[in-house]
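> Supplied in structure tokens, the structure appears directly below.
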Amino acid sequence: MKMKISVIFGVAQMSLGILMKAFNAVHFGRPIDFIFEFIPQLTLLTCLFGWMDFLIVAKWVQFWPNGAARAPNIISVMINMFLNFGAVDKDNVDPIIAGDSGQQAISIILLVVALLCVPTMLLVKPLYINFTTKHHHQPAHVGRGSGRFQRLDSDEEAEDHEHPSIQDVSKVTAPPSKNNINLAEILRNEAGDDENHAFSEIFIHQLIETIEFVLGTVSNTASYLRLWALSLAHSQLAAVFFDKLLGDMALDDKGSFIMMFLLTPVWASFTLFVLMCMDSMECFLHTLRLHWVEF
């Protein structure tokens, strides 16, 4: 129960974090971020871990006519979704919803949609930015280059009128090859190199964001399982305290009322410290880390 509730809260918190990205895209007027980042990310999270949360709730409310032992493990269902395309092991477990073929069909559709979201997040935004940048700046580069060339000519003419002797000396001493340099062509080539460099940077940045989101979605969901693991470890530690203090020393054949009276406060203190104080503190710190780092 604790593990499943932790996962549900974790997916809800990550969905809220993705929703904040949508608000930022709308606020700053970035429709490309809203359409090709927010929607694919939310779709990916919903198709995988939203489906897992739905199976958790459906398993809770489902009536199992063949006994609870036929109820499938949620982790096994998610693993079969990737490895066996959602196939249900009819010999050992029963399907959770829609029968064997229905659950498998839903799993395949959700898996295909989730996989299509990855190249959408990775490729569409860099290609769109590269296309719009070239379409918008390609004629402008030539104009700027021509303008700069004209400004250089006007500056050279002004210098000719102001310093004719210096200009004459430079014309005589300058190599003939330098007089044939096309500044406009150089500026166009440099502008093209800048665009290619910018596209590579955008693509690498988008690749890093895509990998970080996909891996972070899995790791962040698994991080919430630590809350369940810590609670389980502390409960087992409290059981050890009970067995060693009361079971072996006060409740066995050689125990006495005096030992029971003396050791019960000790056991209660250890249990309160471990289960209430330590468990609450670790859950608070871990949840704070999740909010600060992985939100």
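Labels for the structure tokens follow display order: chains A, B, ..., residues from 1 in each chain, ligands from 1.
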Determine, counting only C-alpha atoms, which protein, DNA and RNA residues have an atom within 12 Å of an atom of Ala25 of chain A; residues of the same chain fewer than 3 positions away are not included. Present the result as a ChimeraX atom specification.

/A:18-22,28-39

> Contacts of Val93 of chain A at 10 Å or less, counting only C-alpha atoms, minus same-chain residues fewer than 4 places along, as a list in words?

Asn66, Ala68, Ala69, Arg70, Ala71, Pro72, Asn73, Val88 and Asp89 of chain A

> Please, could you write that set of residues out with N, CA and C atoms as a compact mmCIF listing (two decimals), in the first residue's frame?


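After the write, out_7.txt holds the following:
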# COMPACT_ATOMS: atom_id res chain seq x y z
N ASN A 66 -11.34 -15.64 -8.83
CA ASN A 66 -10.49 -16.82 -8.66
C ASN A 66 -9.52 -16.70 -7.49
N ALA A 68 -7.35 -13.77 -4.67
CA ALA A 68 -6.37 -12.69 -4.77
C ALA A 68 -5.02 -13.17 -5.27
N ALA A 69 -4.76 -14.47 -5.17
CA ALA A 69 -3.48 -15.00 -5.67
C ALA A 69 -3.36 -14.87 -7.18
N ARG A 70 -4.49 -14.75 -7.89
CA ARG A 70 -4.48 -14.60 -9.34
C ARG A 70 -4.28 -13.15 -9.77
N ALA A 71 -4.22 -12.24 -8.81
CA ALA A 71 -4.01 -10.83 -9.15
C ALA A 71 -2.57 -10.63 -9.62
N PRO A 72 -2.34 -9.96 -10.73
CA PRO A 72 -0.98 -9.80 -11.25
C PRO A 72 -0.20 -8.75 -10.47
N ASN A 73 1.11 -8.90 -10.52
CA ASN A 73 2.00 -7.90 -9.94
C ASN A 73 2.13 -6.73 -10.91
N VAL A 88 -0.54 -11.11 -21.40
CA VAL A 88 -0.93 -11.56 -20.06
C VAL A 88 -0.65 -13.06 -19.94
N ASP A 89 0.01 -13.43 -18.86
CA ASP A 89 0.27 -14.84 -18.58
C ASP A 89 -1.02 -15.49 -18.05

> Could you list, as a PyMOL selection string, every residue within 9 Å of segment 212-215 of chain A, counting only C-alpha atoms and ignoring same-chain residues fewer than 5 positions away?

chain A and resi 41+44-45+118+207+220

> Since we have the selection now, will you write its residues out, keeping N, CA, C and O atoms, as a PDB file, in the first residue's frame?


ATOM      1  N   GLN A  41       5.945  15.397 -23.551  1.00  0.00           N
ATOM      2  CA  GLN A  41       6.382  14.972 -22.218  1.00  0.00           C
ATOM      3  C   GLN A  41       5.215  14.505 -21.367  1.00  0.00           C
ATOM      4  O   GLN A  41       5.293  13.457 -20.705  1.00  0.00           O
ATOM      5  N   LEU A  44       4.019  11.159 -22.774  1.00  0.00           N
ATOM      6  CA  LEU A  44       4.917  10.065 -22.401  1.00  0.00           C
ATOM      7  C   LEU A  44       4.707   9.643 -20.954  1.00  0.00           C
ATOM      8  O   LEU A  44       4.620   8.441 -20.643  1.00  0.00           O
ATOM      9  N   LEU A  45       4.622  10.628 -20.062  1.00  0.00           N
ATOM     10  CA  LEU A  45       4.416  10.310 -18.647  1.00  0.00           C
ATOM     11  C   LEU A  45       3.067   9.636 -18.423  1.00  0.00           C
ATOM     12  O   LEU A  45       2.965   8.692 -17.640  1.00  0.00           O
ATOM     13  N   VAL A 118       9.316  10.360 -28.064  1.00  0.00           N
ATOM     14  CA  VAL A 118      10.762  10.606 -27.913  1.00  0.00           C
ATOM     15  C   VAL A 118      11.345  11.302 -29.136  1.00  0.00           C
ATOM     16  O   VAL A 118      11.987  12.354 -29.008  1.00  0.00           O
ATOM     17  N   LEU A 207      18.969  17.115 -27.329  1.00  0.00           N
ATOM     18  CA  LEU A 207      19.271  15.714 -27.056  1.00  0.00           C
ATOM     19  C   LEU A 207      19.494  15.486 -25.569  1.00  0.00           C
ATOM     20  O   LEU A 207      18.995  14.511 -24.986  1.00  0.00           O
ATOM     21  N   ASN A 220      13.032   9.196 -11.169  1.00  0.00           N
ATOM     22  CA  ASN A 220      12.249   9.928 -10.178  1.00  0.00           C
ATOM     23  C   ASN A 220      11.107   9.087  -9.628  1.00  0.00           C
ATOM     24  O   ASN A 220      10.792   9.142  -8.431  1.00  0.00           O
TER      25      ASN A 220
END

> In Å to one decimal, how far is atom CA of Ser223 of chain A from atom CA of Gln236 of chain A?

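Pair atom CA of Gln236 of chain A / atom CA of Ser223 of chain A returns 20.5 Å.
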
> A:Leu111, A:Cys277, A:Met1, A:Met260: which is nearest Ala229 of chain A, counting only C-alpha atoms?

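Among the listed residues, the smallest separation from Ala229 of chain A belongs to A:Met1.
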
> Could you give me, as CSV, a per-residue list for segment 65-110 of chain A showing, wherever an atom lies at most 12 Å from an atom of segment 55-61 of chain A, the closest pair of atoms and their distance in Å to one decimal, using only C-alpha atoms and sorting by chain then residue number from low to high?


residue,atom,partner,partner_atom,distance
A:Ala68,CA,A:Lys59,CA,10.0
A:Arg70,CA,A:Lys59,CA,11.1
A:Ala71,CA,A:Lys59,CA,7.6
A:Pro72,CA,A:Lys59,CA,8.5
A:Asn73,CA,A:Lys59,CA,9.4
A:Ile74,CA,A:Ile56,CA,6.9
A:Ile75,CA,A:Ile56,CA,10.1
A:Ser76,CA,A:Leu55,CA,11.7
A:Val77,CA,A:Leu55,CA,9.0
A:Met78,CA,A:Leu55,CA,9.7
A:Asp94,CA,A:Lys59,CA,10.8
A:Pro95,CA,A:Lys59,CA,9.6
A:Ile96,CA,A:Lys59,CA,6.3
A:Ile97,CA,A:Ala58,CA,7.5
A:Ala98,CA,A:Ala58,CA,11.1
A:Gln103,CA,A:Leu55,CA,10.3
A:Ile106,CA,A:Leu55,CA,11.7
A:Ser107,CA,A:Leu55,CA,11.1

> Mind dumping the selected residues with all heavy atoms as a tab-separated table (two decimals), in the first residue's frame?


chain	number	residue	atom	x	y	z
A	68	ALA	N	-7.35	-13.77	-4.67
A	68	ALA	CA	-6.37	-12.69	-4.77
A	68	ALA	C	-5.02	-13.17	-5.27
A	68	ALA	O	-4.20	-12.38	-5.75
A	68	ALA	CB	-6.20	-12.01	-3.40
A	70	ARG	N	-4.49	-14.75	-7.89
A	70	ARG	CA	-4.48	-14.60	-9.34
A	70	ARG	C	-4.28	-13.15	-9.77
A	70	ARG	O	-4.17	-12.87	-10.96
A	70	ARG	CB	-5.80	-15.11	-9.92
A	70	ARG	CG	-6.06	-16.58	-9.68
A	70	ARG	CD	-5.26	-17.44	-10.62
A	70	ARG	NE	-5.59	-17.18	-12.02
A	70	ARG	CZ	-5.00	-17.78	-13.05
A	70	ARG	NH1	-4.03	-18.67	-12.82
A	70	ARG	NH2	-5.35	-17.50	-14.29
A	71	ALA	N	-4.22	-12.24	-8.81
A	71	ALA	CA	-4.01	-10.83	-9.15
A	71	ALA	C	-2.57	-10.63	-9.62
A	71	ALA	O	-1.62	-11.09	-8.97
A	71	ALA	CB	-4.29	-9.94	-7.94
A	72	PRO	N	-2.34	-9.96	-10.73
A	72	PRO	CA	-0.98	-9.80	-11.25
A	72	PRO	C	-0.20	-8.75	-10.47
A	72	PRO	O	-0.77	-7.84	-9.87
A	72	PRO	CB	-1.20	-9.36	-12.70
A	72	PRO	CG	-2.51	-8.66	-12.66
A	72	PRO	CD	-3.34	-9.35	-11.63
A	73	ASN	N	1.11	-8.90	-10.52
A	73	ASN	CA	2.00	-7.90	-9.94
A	73	ASN	C	2.13	-6.73	-10.91
A	73	ASN	O	2.37	-6.92	-12.10
A	73	ASN	CB	3.37	-8.54	-9.67
A	73	ASN	CG	4.26	-7.63	-8.85
A	73	ASN	OD1	3.89	-6.49	-8.55
A	73	ASN	ND2	5.42	-8.12	-8.49
A	74	ILE	N	2.00	-5.51	-10.38
A	74	ILE	CA	2.04	-4.33	-11.25
A	74	ILE	C	3.42	-4.20	-11.93
A	74	ILE	O	3.50	-3.84	-13.12
A	74	ILE	CB	1.71	-3.06	-10.44
A	74	ILE	CG1	0.30	-3.18	-9.83
A	74	ILE	CG2	1.80	-1.82	-11.32
A	74	ILE	CD1	-0.79	-3.27	-10.85
A	75	ILE	N	4.47	-4.50	-11.21
A	75	ILE	CA	5.81	-4.43	-11.80
A	75	ILE	C	5.93	-5.42	-12.95
A	75	ILE	O	6.49	-5.11	-14.02
A	75	ILE	CB	6.88	-4.68	-10.74
A	75	ILE	CG1	6.76	-3.66	-9.59
A	75	ILE	CG2	8.27	-4.63	-11.35
A	75	ILE	CD1	7.00	-2.24	-10.01
A	76	SER	N	5.38	-6.61	-12.77
A	76	SER	CA	5.43	-7.61	-13.84
A	76	SER	C	4.60	-7.17	-15.05
A	76	SER	O	5.00	-7.41	-16.20
A	76	SER	CB	4.91	-8.96	-13.32
A	76	SER	OG	5.71	-9.41	-12.25
A	77	VAL	N	3.48	-6.51	-14.81
A	77	VAL	CA	2.67	-6.01	-15.91
A	77	VAL	C	3.43	-4.96	-16.72
A	77	VAL	O	3.41	-4.97	-17.96
A	77	VAL	CB	1.34	-5.44	-15.37
A	77	VAL	CG1	0.54	-4.78	-16.49
A	77	VAL	CG2	0.51	-6.54	-14.72
A	78	MET	N	4.14	-4.06	-16.03
A	78	MET	CA	4.89	-3.03	-16.74
A	78	MET	C	6.09	-3.62	-17.47
A	78	MET	O	6.43	-3.17	-18.58
A	78	MET	CB	5.36	-1.96	-15.74
A	78	MET	CG	4.22	-1.20	-15.07
A	78	MET	SD	3.11	-0.38	-16.24
A	78	MET	CE	4.23	0.75	-17.04
A	94	ASP	N	-4.65	-13.33	-13.78
A	94	ASP	CA	-5.80	-12.84	-14.53
A	94	ASP	C	-5.54	-11.40	-14.98
A	94	ASP	O	-4.79	-10.66	-14.33
A	94	ASP	CB	-7.07	-12.88	-13.66
A	94	ASP	CG	-7.46	-14.30	-13.31
A	94	ASP	OD1	-7.12	-15.22	-14.09
A	94	ASP	OD2	-8.10	-14.50	-12.26
A	95	PRO	N	-6.15	-10.97	-16.07
A	95	PRO	CA	-5.99	-9.57	-16.49
A	95	PRO	C	-6.69	-8.63	-15.52
A	95	PRO	O	-7.66	-8.99	-14.86
A	95	PRO	CB	-6.62	-9.54	-17.89
A	95	PRO	CG	-7.60	-10.67	-17.86
A	95	PRO	CD	-6.98	-11.74	-17.00
A	96	ILE	N	-6.21	-7.40	-15.48
A	96	ILE	CA	-6.79	-6.42	-14.56
A	96	ILE	C	-8.03	-5.79	-15.18
A	96	ILE	O	-9.07	-5.65	-14.52
A	96	ILE	CB	-5.75	-5.35	-14.20
A	96	ILE	CG1	-4.55	-5.98	-13.49
A	96	ILE	CG2	-6.36	-4.26	-13.33
A	96	ILE	CD1	-3.46	-5.00	-13.12
A	97	ILE	N	-7.95	-5.40	-16.45
A	97	ILE	CA	-9.10	-4.76	-17.12
A	97	ILE	C	-9.23	-5.31	-18.54
A	97	ILE	O	-8.24	-5.79	-19.13
A	97	ILE	CB	-8.94	-3.22	-17.18
A	97	ILE	CG1	-7.69	-2.84	-17.97
A	97	ILE	CG2	-8.91	-2.61	-15.79
A	97	ILE	CD1	-7.61	-1.38	-18.30
A	98	ALA	N	-10.40	-5.25	-19.08
A	98	ALA	CA	-10.71	-5.47	-20.50
A	98	ALA	C	-10.31	-6.83	-21.03
A	98	ALA	O	-10.18	-7.00	-22.25
A	98	ALA	CB	-10.04	-4.38	-21.35
A	103	GLN	N	-6.49	-5.77	-22.64
A	103	GLN	CA	-5.38	-5.18	-21.89
A	103	GLN	C	-4.11	-5.15	-22.73
A	103	GLN	O	-3.35	-4.18	-22.68
A	103	GLN	CB	-5.16	-5.97	-20.59
A	103	GLN	CG	-4.03	-5.42	-19.73
A	103	GLN	CD	-3.93	-6.14	-18.41
A	103	GLN	OE1	-4.93	-6.53	-17.81
A	103	GLN	NE2	-2.70	-6.32	-17.93
A	106	ILE	N	-4.43	-2.30	-25.34
A	106	ILE	CA	-4.22	-0.99	-24.72
A	106	ILE	C	-2.75	-0.76	-24.42
A	106	ILE	O	-2.20	0.33	-24.65
A	106	ILE	CB	-5.07	-0.87	-23.45
A	106	ILE	CG1	-6.56	-0.90	-23.79
A	106	ILE	CG2	-4.74	0.42	-22.69
A	106	ILE	CD1	-7.46	-0.93	-22.57
A	107	SER	N	-2.06	-1.78	-23.94
A	107	SER	CA	-0.64	-1.66	-23.63
A	107	SER	C	0.18	-1.37	-24.89
A	107	SER	O	1.10	-0.54	-24.87
A	107	SER	CB	-0.14	-2.94	-22.96
A	107	SER	OG	-0.83	-3.18	-21.74

> What gap, in Å, lies between atom CA of Phe85 of chain A and atom CA of Leu16 of chain A?

28.9 Å

> With only C-alpha atoms as the basis for distance, which of A:Val124, A:Ile202, A:Val218, A:Met52 is at the shortest distance from Met14 of chain A?

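Result for the nearest residue to Met14 of chain A: A:Val218.
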